[in-house]
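The file structure_5.cif contains mmCIF, C-alpha atoms:
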data_start
#
loop_
_atom_site.label_atom_id
_atom_site.label_comp_id
_atom_site.auth_asym_id
_atom_site.auth_seq_id
_atom_site.Cartn_x
_atom_site.Cartn_y
_atom_site.Cartn_z
CA MET A 189 0.00 0.00 0.00
CA GLU A 190 2.76 2.44 0.92
CA LYS A 191 4.56 1.56 -2.32
CA ARG A 192 1.37 2.54 -4.16
CA GLY A 193 1.29 5.87 -2.38
CA VAL A 194 -1.44 5.01 0.13
CA PRO A 195 -0.51 6.15 3.65
CA THR A 196 -0.70 3.04 5.78
CA ALA A 197 -0.58 2.26 9.47
CA ALA A 198 0.03 -1.43 10.08
CA ILE A 199 -1.03 -2.96 13.40
CA ILE A 200 0.25 -6.28 14.69
CA THR A 201 -0.23 -8.00 18.02
CA HIS A 202 2.77 -8.51 20.20
CA VAL A 203 3.09 -12.27 19.59
CA PHE A 204 3.81 -11.51 15.93
CA LEU A 205 6.69 -9.14 16.65
CA ASN A 206 9.45 -11.53 15.53
CA THR A 207 7.49 -12.28 12.34
CA ALA A 208 7.02 -8.57 11.61
CA GLN A 209 10.73 -7.96 12.15
CA ALA A 210 11.63 -10.83 9.81
CA MET A 211 9.16 -9.56 7.20
CA THR A 212 10.39 -5.95 7.23
CA ARG A 213 14.01 -7.14 7.00
CA MET A 214 13.05 -9.34 4.05
CA MET A 215 11.25 -6.44 2.35
CA GLY A 216 14.33 -4.26 2.78
CA VAL A 217 12.60 -1.79 5.16
CA PRO A 218 13.86 -2.82 8.60
CA ASP A 219 12.95 0.61 10.06
CA TYR A 220 9.34 0.45 8.87
CA ARG A 221 7.08 1.69 11.69
CA TYR A 222 4.08 -0.33 12.83
CA ILE A 223 1.95 -0.46 15.94
CA VAL A 224 2.27 -3.33 18.38
CA ALA A 225 -1.02 -4.07 20.16
CA GLN A 226 -1.48 -6.53 22.98
CA HIS A 227 -2.55 -10.01 21.91
CA PRO A 228 -5.24 -11.31 21.48
CA LEU A 229 -7.72 -9.25 19.50
CA SER A 230 -10.11 -11.77 17.95
CA SER A 231 -11.64 -12.88 21.26
CA LEU A 232 -12.42 -9.35 22.49
CA THR A 233 -16.00 -8.10 22.76
CA ASP A 234 -17.14 -5.24 20.52
CA ASP A 235 -16.77 -2.76 23.41
CA GLU A 236 -13.27 -4.01 24.20
CA VAL A 237 -12.30 -3.64 20.53
CA LYS A 238 -13.56 -0.04 20.52
CA GLN A 239 -11.60 0.70 23.68
CA ARG A 240 -8.46 -0.84 22.18
CA ALA A 241 -8.93 1.20 18.98
CA ALA A 242 -9.30 4.39 20.99
CA GLU A 243 -6.05 3.63 22.80
CA LEU A 244 -4.20 3.14 19.51
CA ALA A 245 -5.76 6.05 17.59
CA ASP A 246 -3.05 8.59 18.39
CA GLU A 247 -0.32 6.24 17.27
CA VAL A 248 -2.19 5.46 14.03
CA GLU A 249 -2.54 9.18 13.36
CA SER A 250 1.12 9.72 14.11
CA ILE A 251 2.19 7.07 11.58
CA LEU A 252 -0.21 8.36 8.92
CA THR A 253 0.78 12.01 9.29
CA GLY A 254 4.37 11.62 10.40
CA ALA A 255 3.63 13.76 13.48
CA PRO A 256 4.94 12.76 16.91
CA VAL A 257 2.57 10.93 19.25
CA PRO A 258 0.96 13.45 21.63
CA ALA A 259 1.89 13.06 25.29
CA ALA A 260 -0.74 11.17 27.25
CA MET B 1326 17.21 -18.09 -3.37
CA THR B 1327 20.68 -19.59 -2.99
CA SER B 1328 23.71 -17.56 -3.97
CA SER B 1329 26.32 -19.08 -6.23
CA ALA B 1330 28.77 -18.92 -3.32
CA GLU B 1331 26.51 -21.27 -1.37
CA ARG B 1332 26.19 -23.59 -4.32
CA HIS B 1333 29.71 -24.91 -4.38
CA VAL B 1334 30.58 -26.31 -1.01
CA GLU B 1335 33.32 -28.94 -0.85
CA THR B 1336 32.73 -31.83 1.52
CA ALA B 1337 34.70 -34.97 2.35
CA ASP B 1338 31.92 -37.38 1.41
CA THR B 1339 28.18 -37.66 0.86
CA ILE B 1340 27.34 -38.09 4.53
CA GLU B 1341 29.23 -34.91 5.30
CA ALA B 1342 27.37 -33.17 2.46
CA ILE B 1343 24.07 -34.21 4.05
CA GLU B 1344 25.22 -32.75 7.37
CA GLU B 1345 26.26 -29.58 5.56
CA CYS B 1346 22.69 -29.25 4.24
CA PHE B 1347 21.47 -29.41 7.85
CA ARG B 1348 23.98 -26.71 8.82
CA MET B 1349 22.79 -24.53 5.94
CA GLY B 1350 19.22 -24.83 7.24
CA TRP B 1351 17.97 -26.37 3.99
CA THR B 1352 15.96 -29.27 5.41
CA ASP B 1353 12.52 -29.95 6.81
CA GLY B 1354 14.14 -31.86 9.68
CA LEU B 1355 14.82 -35.02 7.71
CA PRO B 1356 18.04 -35.57 5.76
CA VAL B 1357 18.02 -34.26 2.19
CA VAL B 1358 19.86 -35.38 -0.93
CA PRO B 1359 22.72 -32.89 -1.42
CA PRO B 1360 21.82 -30.78 -4.48
CA ALA B 1361 24.81 -31.63 -6.65
CA ASP B 1362 24.96 -29.44 -9.72
CA TYR B 1363 24.66 -32.29 -12.22
CA LYS B 1364 21.46 -33.51 -10.52
CA VAL B 1365 19.97 -30.00 -10.69
CA ARG B 1366 20.84 -29.77 -14.41
CA GLU B 1367 19.24 -33.17 -15.00
CA MET B 1368 15.97 -31.94 -13.47
CA LEU B 1369 15.98 -28.79 -15.58
CA SER B 1370 16.77 -30.75 -18.72
CA VAL B 1371 13.78 -33.07 -18.29
CA ALA B 1372 11.47 -30.05 -18.01
CA GLY B 1373 13.20 -28.19 -20.86
CA LEU B 1374 14.13 -25.27 -18.59
CA THR B 1375 17.28 -23.19 -18.34
CA GLY B 1376 17.28 -22.44 -14.61
CA GLU B 1377 16.47 -18.78 -15.19
CA GLU B 1378 12.68 -19.00 -15.45
CA GLU B 1379 10.63 -17.40 -12.67
CA LEU B 1380 8.10 -19.96 -11.50
CA LEU B 1381 6.61 -18.37 -8.40
CA ASN B 1382 7.02 -14.76 -7.36
CA LEU B 1383 5.99 -13.87 -3.83
CA ASP B 1384 6.38 -10.12 -3.98
CA MET B 1385 5.16 -9.61 -0.43
CA ARG B 1386 8.34 -11.41 0.61
CA SER B 1387 10.49 -9.94 -2.16
CA ARG B 1388 11.33 -13.46 -3.22
CA VAL B 1389 11.13 -15.40 -6.46
CA ILE B 1390 11.48 -19.13 -6.94
CA THR B 1391 13.32 -19.76 -10.19
CA SER B 1392 13.38 -23.05 -12.03
CA GLU B 1393 16.90 -23.59 -10.69
CA ASN B 1394 15.73 -23.05 -7.10
CA ALA B 1395 12.87 -25.47 -7.68
CA ALA B 1396 15.19 -28.05 -9.22
CA ALA B 1397 17.61 -27.84 -6.29
CA ASN B 1398 14.76 -28.35 -3.83
CA ALA B 1399 13.40 -31.23 -5.92
CA VAL B 1400 16.80 -32.93 -5.75
CA MET B 1401 16.95 -32.34 -2.00
CA ALA B 1402 13.43 -33.74 -1.57
CA GLY B 1403 14.49 -36.98 -3.25
CA CYS B 1404 12.65 -36.50 -6.55
CA GLN B 1405 13.64 -38.34 -9.68
CA ALA B 1406 14.16 -36.01 -12.64
CA GLU B 1407 10.98 -37.34 -14.28
CA TYR B 1408 8.91 -35.91 -11.39
CA PHE B 1409 10.12 -32.36 -11.93
CA PRO B 1410 7.49 -31.23 -14.49
CA VAL B 1411 4.81 -31.92 -11.84
CA LEU B 1412 6.52 -29.57 -9.39
CA VAL B 1413 6.99 -26.91 -12.08
CA THR B 1414 3.31 -27.03 -13.03
CA ALA B 1415 2.21 -26.94 -9.38
CA LEU B 1416 4.36 -23.88 -8.64
CA LYS B 1417 3.11 -22.09 -11.77
CA THR B 1418 -0.46 -22.89 -10.75
CA LEU B 1419 0.12 -21.38 -7.31
CA GLU B 1420 1.48 -18.27 -9.00
CA GLU B 1421 -2.07 -17.63 -10.28
CA GLU B 1422 -3.29 -16.58 -6.83
CA ARG B 1423 -0.33 -15.52 -4.73
CA ASN B 1424 -2.17 -14.31 -1.64
CA PHE B 1425 -3.12 -17.84 -0.82
CA VAL B 1426 0.41 -19.02 -1.45
CA ASN B 1427 1.45 -16.63 1.25
CA MET B 1428 -1.21 -18.25 3.42
CA ALA B 1429 0.32 -21.69 2.94
CA ALA B 1430 3.67 -20.21 3.96
CA SER B 1431 2.49 -18.30 7.01
CA SER B 1432 -1.09 -18.75 8.25
CA THR B 1433 -1.82 -19.66 11.86
CA SER B 1434 -4.41 -22.10 10.44
CA SER B 1435 -1.53 -24.20 8.98
CA PRO B 1436 -2.66 -25.12 5.48
CA SER B 1437 -0.49 -27.19 3.14
CA ILE B 1438 -0.38 -27.65 -0.64
CA LEU B 1439 -2.48 -30.58 -1.81
CA MET B 1440 -1.68 -32.06 -5.22
CA VAL B 1441 -3.91 -34.66 -6.88
CA LEU B 1442 -2.57 -36.35 -10.01
CA ASN B 1443 -4.74 -37.70 -12.81
CA GLY B 1444 -4.06 -39.29 -16.16
CA PRO B 1445 -1.25 -41.47 -17.54
CA ILE B 1446 1.43 -39.72 -15.45
CA ARG B 1447 0.21 -41.62 -12.37
CA GLU B 1448 1.38 -44.88 -13.87
CA ALA B 1449 4.50 -43.39 -15.47
CA LEU B 1450 5.78 -41.93 -12.19
CA GLY B 1451 4.33 -44.56 -9.85
CA ILE B 1452 2.16 -42.17 -7.86
CA ASN B 1453 0.12 -44.13 -5.35
CA SER B 1454 -3.67 -43.93 -5.50
CA ARG B 1455 -4.53 -47.02 -3.44
CA ASP B 1456 -3.61 -48.52 -0.04
CA GLY B 1457 -2.16 -45.99 2.38
CA LEU B 1458 -3.14 -43.11 0.10
CA PHE B 1459 -1.94 -40.29 2.35
CA GLY B 1460 0.83 -42.30 4.01
CA PRO B 1461 4.46 -43.24 3.43
CA GLY B 1462 6.00 -45.82 1.13
CA PHE B 1463 5.94 -44.23 -2.32
CA ARG B 1464 8.83 -42.16 -3.60
CA ALA B 1465 6.79 -40.00 -5.98
CA ASN B 1466 4.08 -39.10 -3.43
CA ALA B 1467 6.67 -38.52 -0.73
CA SER B 1468 9.18 -36.47 -2.66
CA ILE B 1469 6.99 -34.33 -4.94
CA GLY B 1470 4.98 -33.03 -1.99
CA ARG B 1471 8.14 -32.58 0.04
CA ALA B 1472 9.72 -30.57 -2.77
CA VAL B 1473 6.91 -28.00 -2.59
CA ARG B 1474 7.41 -27.52 1.13
CA LEU B 1475 11.20 -27.25 0.75
CA CYS B 1476 10.62 -24.55 -1.90
CA PHE B 1477 8.49 -22.66 0.64
CA MET B 1478 10.94 -23.12 3.51
CA ASN B 1479 14.07 -22.33 1.53
CA GLY B 1480 12.59 -19.91 -0.99
CA PHE B 1481 10.21 -17.91 1.19
CA ASP B 1482 11.81 -18.43 4.62
CA ALA B 1483 8.63 -20.21 5.73
CA LEU B 1484 10.19 -21.41 8.97
CA PRO B 1485 7.96 -22.38 11.90
CA GLY B 1486 7.59 -19.70 14.57
CA GLN B 1487 9.20 -17.13 12.30
CA LEU B 1488 7.50 -16.33 8.99
CA ASP B 1489 5.41 -19.50 9.10
CA ARG B 1490 3.15 -18.89 12.08
CA GLY B 1491 1.11 -22.08 11.78
CA THR B 1492 -0.15 -22.62 15.31
CA LEU B 1493 -0.28 -26.41 15.19
CA GLY B 1494 1.37 -27.11 11.82
CA THR B 1495 0.33 -30.33 10.12
CA PRO B 1496 1.99 -33.56 8.99
CA ALA B 1497 0.57 -32.64 5.55
CA LYS B 1498 3.30 -30.00 5.36
CA TYR B 1499 5.90 -32.77 4.96
CA THR B 1500 4.11 -33.98 1.84
CA PHE B 1501 0.54 -33.94 0.51
CA CYS B 1502 0.59 -35.50 -2.95
CA ILE B 1503 -1.77 -38.24 -4.10
CA ALA B 1504 -3.26 -39.73 -7.25
CA GLU B 1505 -6.80 -40.79 -8.07
CA ASN B 1506 -7.60 -44.46 -8.56
CA GLU B 1507 -9.44 -43.87 -11.83
CA GLU B 1508 -9.49 -47.50 -12.91
CA ASP B 1509 -11.81 -48.72 -10.14
CA SER B 1510 -13.91 -45.59 -9.83
CA PRO B 1511 -17.65 -45.69 -10.53
CA TRP B 1512 -17.41 -42.10 -11.76
CA GLU B 1513 -15.49 -40.37 -14.51
CA PRO B 1514 -12.01 -39.26 -13.39
CA LEU B 1515 -11.71 -36.02 -11.43
CA HIS B 1516 -9.88 -34.22 -14.25
CA VAL B 1517 -12.49 -35.27 -16.82
CA SER B 1518 -15.19 -33.82 -14.56
CA ARG B 1519 -13.16 -30.60 -14.67
CA GLY B 1520 -13.02 -30.39 -18.46
CA PHE B 1521 -9.86 -32.33 -19.38
CA GLN B 1522 -9.42 -35.38 -21.59
CA ALA B 1523 -8.92 -38.73 -19.88
CA SER B 1524 -5.58 -39.00 -21.73
CA ASP B 1525 -4.31 -35.70 -20.27
CA SER B 1526 -1.83 -35.82 -17.41
CA VAL B 1527 -2.89 -33.14 -14.96
CA VAL B 1528 -2.35 -31.91 -11.44
CA THR B 1529 -5.08 -30.43 -9.26
CA VAL B 1530 -3.68 -27.97 -6.74
CA ALA B 1531 -5.33 -26.74 -3.56
CA VAL B 1532 -4.17 -24.78 -0.53
CA ALA B 1533 -5.68 -27.28 1.85
CA TYR B 1534 -5.91 -28.62 5.36
CA ASN B 1535 -5.19 -32.13 6.56
CA PRO B 1536 -7.45 -35.01 5.53
CA VAL B 1537 -10.16 -36.02 8.01
CA SER B 1538 -11.02 -39.70 7.95
CA VAL B 1539 -14.69 -40.71 7.77
CA PRO B 1540 -15.21 -44.29 8.96
CA ASN B 1541 -18.49 -45.93 8.12
CA SER B 1542 -18.22 -49.69 8.49
CA TYR B 1543 -21.80 -50.75 9.02
CA GLY B 1544 -23.86 -48.64 6.65
CA HIS B 1545 -25.43 -50.72 3.90
CA ALA B 1546 -26.83 -47.79 1.95
CA GLY B 1547 -25.06 -45.01 0.09
CA ARG B 1548 -27.22 -42.53 1.94
CA GLN B 1549 -25.73 -43.62 5.30
CA ILE B 1550 -22.21 -43.08 4.00
CA LEU B 1551 -23.12 -39.65 2.71
CA TYR B 1552 -24.74 -38.69 6.03
CA SER B 1553 -21.46 -39.68 7.73
CA ILE B 1554 -19.55 -37.42 5.36
CA CYS B 1555 -22.02 -34.61 6.09
CA ASP B 1556 -21.43 -35.08 9.80
CA ALA B 1557 -17.67 -34.75 9.28
CA LEU B 1558 -18.14 -31.70 7.06
CA ARG B 1559 -20.23 -30.01 9.75
CA SER B 1560 -17.65 -30.61 12.44
CA THR B 1561 -14.49 -29.91 10.44
CA ALA B 1562 -13.03 -26.73 11.93
CA LEU B 1563 -16.54 -26.15 13.34
CA ALA B 1564 -17.69 -25.13 9.87
CA HIS B 1565 -15.37 -22.16 10.27
CA ARG B 1566 -14.66 -22.06 6.54
CA TYR B 1567 -18.27 -22.45 5.30
CA PRO B 1568 -18.79 -21.93 2.40
CA ALA B 1569 -15.59 -23.35 0.95
CA GLN B 1570 -14.26 -25.75 -1.64
CA TRP B 1571 -13.70 -29.36 -0.60
CA VAL B 1572 -11.95 -32.45 -1.85
CA ILE B 1573 -13.84 -35.60 -0.91
CA VAL B 1574 -11.91 -38.82 -1.30
CA ILE B 1575 -14.35 -41.71 -1.53
CA GLY B 1576 -12.73 -44.99 -0.51
CA PRO B 1577 -13.25 -48.02 -2.78
CA GLU B 1578 -15.68 -49.88 -0.49
CA HIS B 1579 -17.81 -46.80 0.07
CA ALA B 1580 -17.70 -46.18 -3.68
CA LEU B 1581 -19.09 -49.67 -4.41
CA THR B 1582 -22.04 -49.06 -2.08
CA LEU B 1583 -22.71 -45.64 -3.60
CA GLN B 1584 -22.45 -47.13 -7.08
CA SER B 1585 -24.91 -49.94 -6.39
CA ASP B 1586 -27.38 -47.36 -5.04
CA GLY B 1587 -26.98 -45.34 -8.22
CA TRP B 1588 -25.40 -42.17 -6.82
CA SER B 1589 -23.87 -39.97 -9.52
CA ARG B 1590 -21.16 -37.40 -8.80
CA THR B 1591 -23.72 -34.59 -9.10
CA ASP B 1592 -26.18 -36.40 -6.80
CA ILE B 1593 -23.45 -36.67 -4.17
CA GLN B 1594 -22.39 -33.03 -4.48
CA GLU B 1595 -25.96 -31.79 -4.13
CA PHE B 1596 -26.73 -34.12 -1.22
CA LEU B 1597 -23.66 -32.93 0.71
CA ILE B 1598 -24.57 -29.26 0.29
CA GLU B 1599 -28.19 -29.91 1.28
CA ASN B 1600 -27.40 -31.99 4.37
CA SER B 1601 -24.33 -30.45 5.96
CA GLY B 1602 -25.70 -27.03 6.86
CA ARG B 1603 -25.36 -25.43 10.27
CA SER B 1604 -27.28 -22.47 11.63
CA ARG B 1605 -25.32 -19.29 12.12
CA ALA B 1606 -26.78 -19.06 15.63
CA GLU B 1607 -25.20 -22.37 16.60
CA LEU B 1608 -21.82 -21.33 15.24
CA VAL B 1609 -21.97 -18.03 17.13
CA ARG B 1610 -22.79 -19.90 20.35
CA LEU B 1611 -19.77 -22.14 19.78
CA GLY B 1612 -17.54 -19.16 19.05
CA SER B 1613 -16.81 -20.35 15.53
CA LYS B 1614 -18.49 -17.27 14.01
CA GLN B 1615 -18.23 -13.80 15.44
CA GLY B 1616 -21.10 -12.72 17.68
CA PRO B 1617 -23.29 -11.37 18.96
CA GLU B 1618 -26.16 -13.54 17.79
CA ARG B 1619 -28.59 -11.58 15.62
CA PRO B 1620 -32.32 -12.06 15.04
CA GLY B 1621 -32.81 -14.61 12.27
CA ASP B 1622 -29.48 -16.37 12.91
CA GLU B 1623 -31.33 -19.51 14.03
CA ASP B 1624 -32.83 -19.85 10.55
CA LEU B 1625 -29.76 -18.67 8.67
CA ILE B 1626 -28.24 -21.92 7.45
CA MET B 1627 -24.58 -21.81 6.49
CA ARG B 1628 -23.76 -24.22 3.64
CA CYS B 1629 -20.50 -26.09 3.17
CA ALA B 1630 -20.29 -24.88 -0.44
CA ASN B 1631 -22.08 -22.45 -2.74
CA ASP B 1632 -21.89 -24.57 -5.86
CA PRO B 1633 -21.89 -28.36 -6.42
CA ASP B 1634 -18.67 -27.99 -8.43
CA ASP B 1635 -16.99 -26.61 -5.31
CA ILE B 1636 -17.07 -30.16 -3.99
CA LEU B 1637 -14.45 -32.24 -5.81
CA ILE B 1638 -15.27 -35.92 -5.67
CA MET B 1639 -12.42 -38.35 -6.24
CA HIS B 1640 -11.81 -42.05 -5.68
CA GLY B 1641 -8.80 -43.43 -3.82
CA GLY B 1642 -7.42 -45.55 -0.99
CA GLY B 1643 -7.26 -49.27 -0.40
CA THR B 1644 -9.73 -52.07 0.13
CA GLY B 1645 -10.31 -53.88 3.40
CA GLY B 1646 -11.69 -50.96 5.37
CA ARG B 1647 -14.69 -48.77 4.75
CA TYR B 1648 -13.26 -45.25 4.90
CA SER B 1649 -13.50 -42.00 2.99
CA ALA B 1650 -11.83 -38.67 3.73
CA ILE B 1651 -12.68 -35.02 3.51
CA ILE B 1652 -10.24 -32.18 2.94
CA ASP B 1653 -11.23 -28.56 3.43
CA THR B 1654 -9.43 -25.78 1.68
CA THR B 1655 -8.65 -22.10 1.96
CA GLY B 1656 -10.01 -19.38 -0.32
CA PHE B 1657 -7.51 -20.33 -3.05
CA ARG B 1658 -9.65 -21.55 -5.99
CA ILE B 1659 -8.72 -25.16 -6.56
CA ARG B 1660 -7.11 -25.34 -9.97
CA THR B 1661 -6.46 -28.22 -12.36
CA ARG B 1662 -3.68 -27.76 -14.89
CA LYS B 1663 -2.12 -29.91 -17.60
CA ILE B 1664 1.41 -30.96 -16.66
CA GLY B 1665 3.93 -29.24 -18.86
CA GLY B 1666 1.26 -26.85 -20.17
CA ASN B 1667 1.17 -23.10 -19.65
#
Target format structure tokens, applied to this file:
Amino acid sequence: MEKRGVPTAAIITHVFLNTAQAMTRMMGVPDYRYIVAQHPLSSLTDDEVKQRAAELADEVESILTGAPVPAA
Amino acid sequence: MTSSAERHVETADTIEAIEECFRMGWTDGLPVVPPADYKVREMLSVAGLTGEEELLNLDMRSRVITSENAAANAVMAGCQAEYFPVLVTALKTLEEERNFVNMAASSTSSPSILMVLNGPIREALGINSRDGLFGPGFRANASIGRAVRLCFMNGFDALPGQLDRGTLGTPAKYTFCIAENEEDSPWEPLHVSRGFQASDSVVTVAVAYNPVSVPNSYGHAGRQILYSICDALRSTALAHRYPAQWVIVIGPEHALTLQSDGWSRTDIQEFLIENSGRSRAELVRLGSKQGPERPGDEDLIMRCANDPDDILIMHGGGTGGRYSAIIDTTGFRIRTRKIGGN
């Protein structure tokens, strides 16, 4: 997506960190920024998902705009 | 995949060369045949390839499997040169829908690559279609399937716990290559049902999960056997992949019963779709589908397949026991391709 010019914020869960690192190395972009959320996501309730999304929103915005993450 | 520097390693003897392959990380855990250059050339020569051709490009991993890479992995897997065109055709078929190739190299659900051979090539290469269909004992079945996995592991770094995040893995990742027993089948061969000539040698390729055995020893009627298969369909992965494509392997003794009761391939396909449904409400309660339960979910019946042709019926296995098997697949459209064709 980024290669096609679409600003992208990738989110992984923490158990996939080593896989994400291997993938970005393989793709030649080892410094590629992504967000690491706590695992798991799929078993959360709708309300818990919304809460998790709210917690990550600033970081998503920061990656999309290149701005620093606001202080909490 | 491998650099030329890695290609020319001097070793004291063959045993040491095998150990060197372990040290290079080129194996699936079992010893491999060291990929001596002359063996790689022999493979390429049988398929009429130069070594330069790109067979499978996985751009999301910035990796390409060339014909030379494939040949080296085929040698390591224990293939005879005559098997190589099957591997080439399978890899080119996977190239048609790369996202699902990535799935077979990474997904937590742990799919493998199923290959089903039809036509004269079964006899020519000695690909087993009878007793012990999915098991060991046949060089072609064992090594052709193994070659695909070695291509994934060595070509795409599909290593467990790293880029391959299969939670449980599957023995089908060692090898998953079978042939149809066409000669004893009550139905026309699988590839003929998919538009090929009986005299064509073809491979059917699926990104698929492990086979689930369906025992039915005491049913005297075809309908009982089919209800057993429906029961297995309903419980496979808790219908998580409904609707999907399926490969149903009907064992010879089940096939005889179905034949004497007059079941055609189409009859079977339609019966399985009609009788293996599950309500969405039930799947939500089990946690197989995402909740919450919505009004109408009790009457919303999920079907195993949308179209009868999404259920591939084939005949295989040995006599003596009354077993069939079902194989569920990912979203990769199962494809049948002529071996050596484009």
Which is closer to Gly254 of chain A than all the others in A:Gly193, A:His227, A:Ala208, A:Arg221, using all atoms listed in the file?
->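 For Gly254 of chain A, the nearest of the given residues is A:Arg221.
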Taking the file above as input, evaluate the PyMOL selection byres ((chain B) within 10 of (chain A)) and report the hits as a list in words.
-> Asp1384, Met1385, Arg1386, Ser1387, Arg1388, Ser1431, Phe1481, Asp1482, Gly1486, Gln1487, Leu1488, Asp1489, Arg1490, Gly1612, Gln1615, Gly1616 and Pro1617 of chain B
What is the distance, in Å and to one decimal place, between atom CA of Leu1637 of chain B and atom CA of Glu1578 of chain B?
->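 Computing the Euclidean distance for atom CA of Leu1637 of chain B and atom CA of Glu1578 of chain B yields 18.5 Å.
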Interatomic distance, atom CA of Pro1568 of chain B to atom CA of Pro1633 of chain B (Å, one decimal) =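 Straight-line distance from atom CA of Pro1568 of chain B to atom CA of Pro1633 of chain B works out to 11.3 Å.
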Please provide the set of residues having any atom within 7 Å of segment 1433-1446 of chain B, restricted to all atoms listed in the file, with same-chain residues fewer than 4 positions apart removed, written as a list in words.
->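 Contacts, with the query itself left out: Ala1429, Leu1450, Arg1490, Gly1491, Thr1492, Leu1493, Gly1494, Thr1495, Ala1497, Lys1498, Phe1501, Cys1502, Ile1503, Ala1504, Glu1505, His1516, Ala1523, Ser1524, Asp1525, Ser1526, Val1527, Val1528, Thr1529, Val1530, Ala1531, Val1532, Ala1533 and Tyr1534 of chain B.
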Kindly save the residues from that selection, with C-alpha atoms included, as an mmCIF file, in the coordinates of the input.
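Final output, saved to part_37.cif:
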data_model
loop_
_atom_site.group_PDB
_atom_site.id
_atom_site.type_symbol
_atom_site.label_atom_id
_atom_site.label_comp_id
_atom_site.auth_asym_id
_atom_site.auth_seq_id
_atom_site.Cartn_x
_atom_site.Cartn_y
_atom_site.Cartn_z
ATOM 1 C CA ALA B 1429 0.320 -21.690 2.940
ATOM 2 C CA LEU B 1450 5.780 -41.930 -12.190
ATOM 3 C CA ARG B 1490 3.150 -18.890 12.080
ATOM 4 C CA GLY B 1491 1.110 -22.080 11.780
ATOM 5 C CA THR B 1492 -0.150 -22.620 15.310
ATOM 6 C CA LEU B 1493 -0.280 -26.410 15.190
ATOM 7 C CA GLY B 1494 1.370 -27.110 11.820
ATOM 8 C CA THR B 1495 0.330 -30.330 10.120
ATOM 9 C CA ALA B 1497 0.570 -32.640 5.550
ATOM 10 C CA LYS B 1498 3.300 -30.000 5.360
ATOM 11 C CA PHE B 1501 0.540 -33.940 0.510
ATOM 12 C CA CYS B 1502 0.590 -35.500 -2.950
ATOM 13 C CA ILE B 1503 -1.770 -38.240 -4.100
ATOM 14 C CA ALA B 1504 -3.260 -39.730 -7.250
ATOM 15 C CA GLU B 1505 -6.800 -40.790 -8.070
ATOM 16 C CA HIS B 1516 -9.880 -34.220 -14.250
ATOM 17 C CA ALA B 1523 -8.920 -38.730 -19.880
ATOM 18 C CA SER B 1524 -5.580 -39.000 -21.730
ATOM 19 C CA ASP B 1525 -4.310 -35.700 -20.270
ATOM 20 C CA SER B 1526 -1.830 -35.820 -17.410
ATOM 21 C CA VAL B 1527 -2.890 -33.140 -14.960
ATOM 22 C CA VAL B 1528 -2.350 -31.910 -11.440
ATOM 23 C CA THR B 1529 -5.080 -30.430 -9.260
ATOM 24 C CA VAL B 1530 -3.680 -27.970 -6.740
ATOM 25 C CA ALA B 1531 -5.330 -26.740 -3.560
ATOM 26 C CA VAL B 1532 -4.170 -24.780 -0.530
ATOM 27 C CA ALA B 1533 -5.680 -27.280 1.850
ATOM 28 C CA TYR B 1534 -5.910 -28.620 5.360
#
Provide the atom CA of Val1411 of chain B to atom CA of Ala1399 of chain B distance in Å, to one decimal place.
->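 A separation of 10.5 Å between them.
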Could you expand the PyMOL selection byres ((chain A and resi 240) around 12) into the explicit residues it covers here, written as number ranges by chain?
-> A: 199, 201, 224-230, 232-239, 241-247
Pick from B:Arg1548, B:Arg1447, B:His1565, B:Arg1660, whichever lies nearest to Ser1613 of chain B using all atoms listed in the file =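 Checking each of B:Arg1548, B:Arg1447, B:His1565, B:Arg1660 against Ser1613 of chain B, counting all atoms listed in the file, the winner is B:His1565.
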How would segment 1366-1374 of chain B look written as a short mmCIF file (atom, residue, chain, number, x, y, z; two decimals), in the first residue's frame with N, CA and C atoms?
data_model
loop_
_atom_site.label_atom_id
_atom_site.label_comp_id
_atom_site.auth_asym_id
_atom_site.auth_seq_id
_atom_site.Cartn_x
_atom_site.Cartn_y
_atom_site.Cartn_z
N ARG B 1366 20.89 -29.93 -12.94
CA ARG B 1366 20.84 -29.77 -14.41
C ARG B 1366 19.95 -30.85 -15.03
N GLU B 1367 20.06 -32.05 -14.48
CA GLU B 1367 19.24 -33.17 -15.00
C GLU B 1367 17.75 -32.86 -14.85
N MET B 1368 17.38 -32.34 -13.69
CA MET B 1368 15.97 -31.94 -13.47
C MET B 1368 15.54 -30.94 -14.52
N LEU B 1369 16.34 -29.87 -14.66
CA LEU B 1369 15.98 -28.79 -15.58
C LEU B 1369 15.85 -29.31 -17.00
N SER B 1370 16.76 -30.21 -17.36
CA SER B 1370 16.77 -30.75 -18.72
C SER B 1370 15.48 -31.51 -19.03
N VAL B 1371 15.01 -32.31 -18.07
CA VAL B 1371 13.78 -33.07 -18.29
C VAL B 1371 12.59 -32.15 -18.54
N ALA B 1372 12.58 -30.99 -17.85
CA ALA B 1372 11.47 -30.05 -18.01
C ALA B 1372 11.72 -29.04 -19.13
N GLY B 1373 12.89 -29.13 -19.78
CA GLY B 1373 13.20 -28.19 -20.86
C GLY B 1373 13.38 -26.77 -20.37
N LEU B 1374 13.97 -26.60 -19.18
CA LEU B 1374 14.13 -25.27 -18.59
C LEU B 1374 15.61 -24.92 -18.46
#
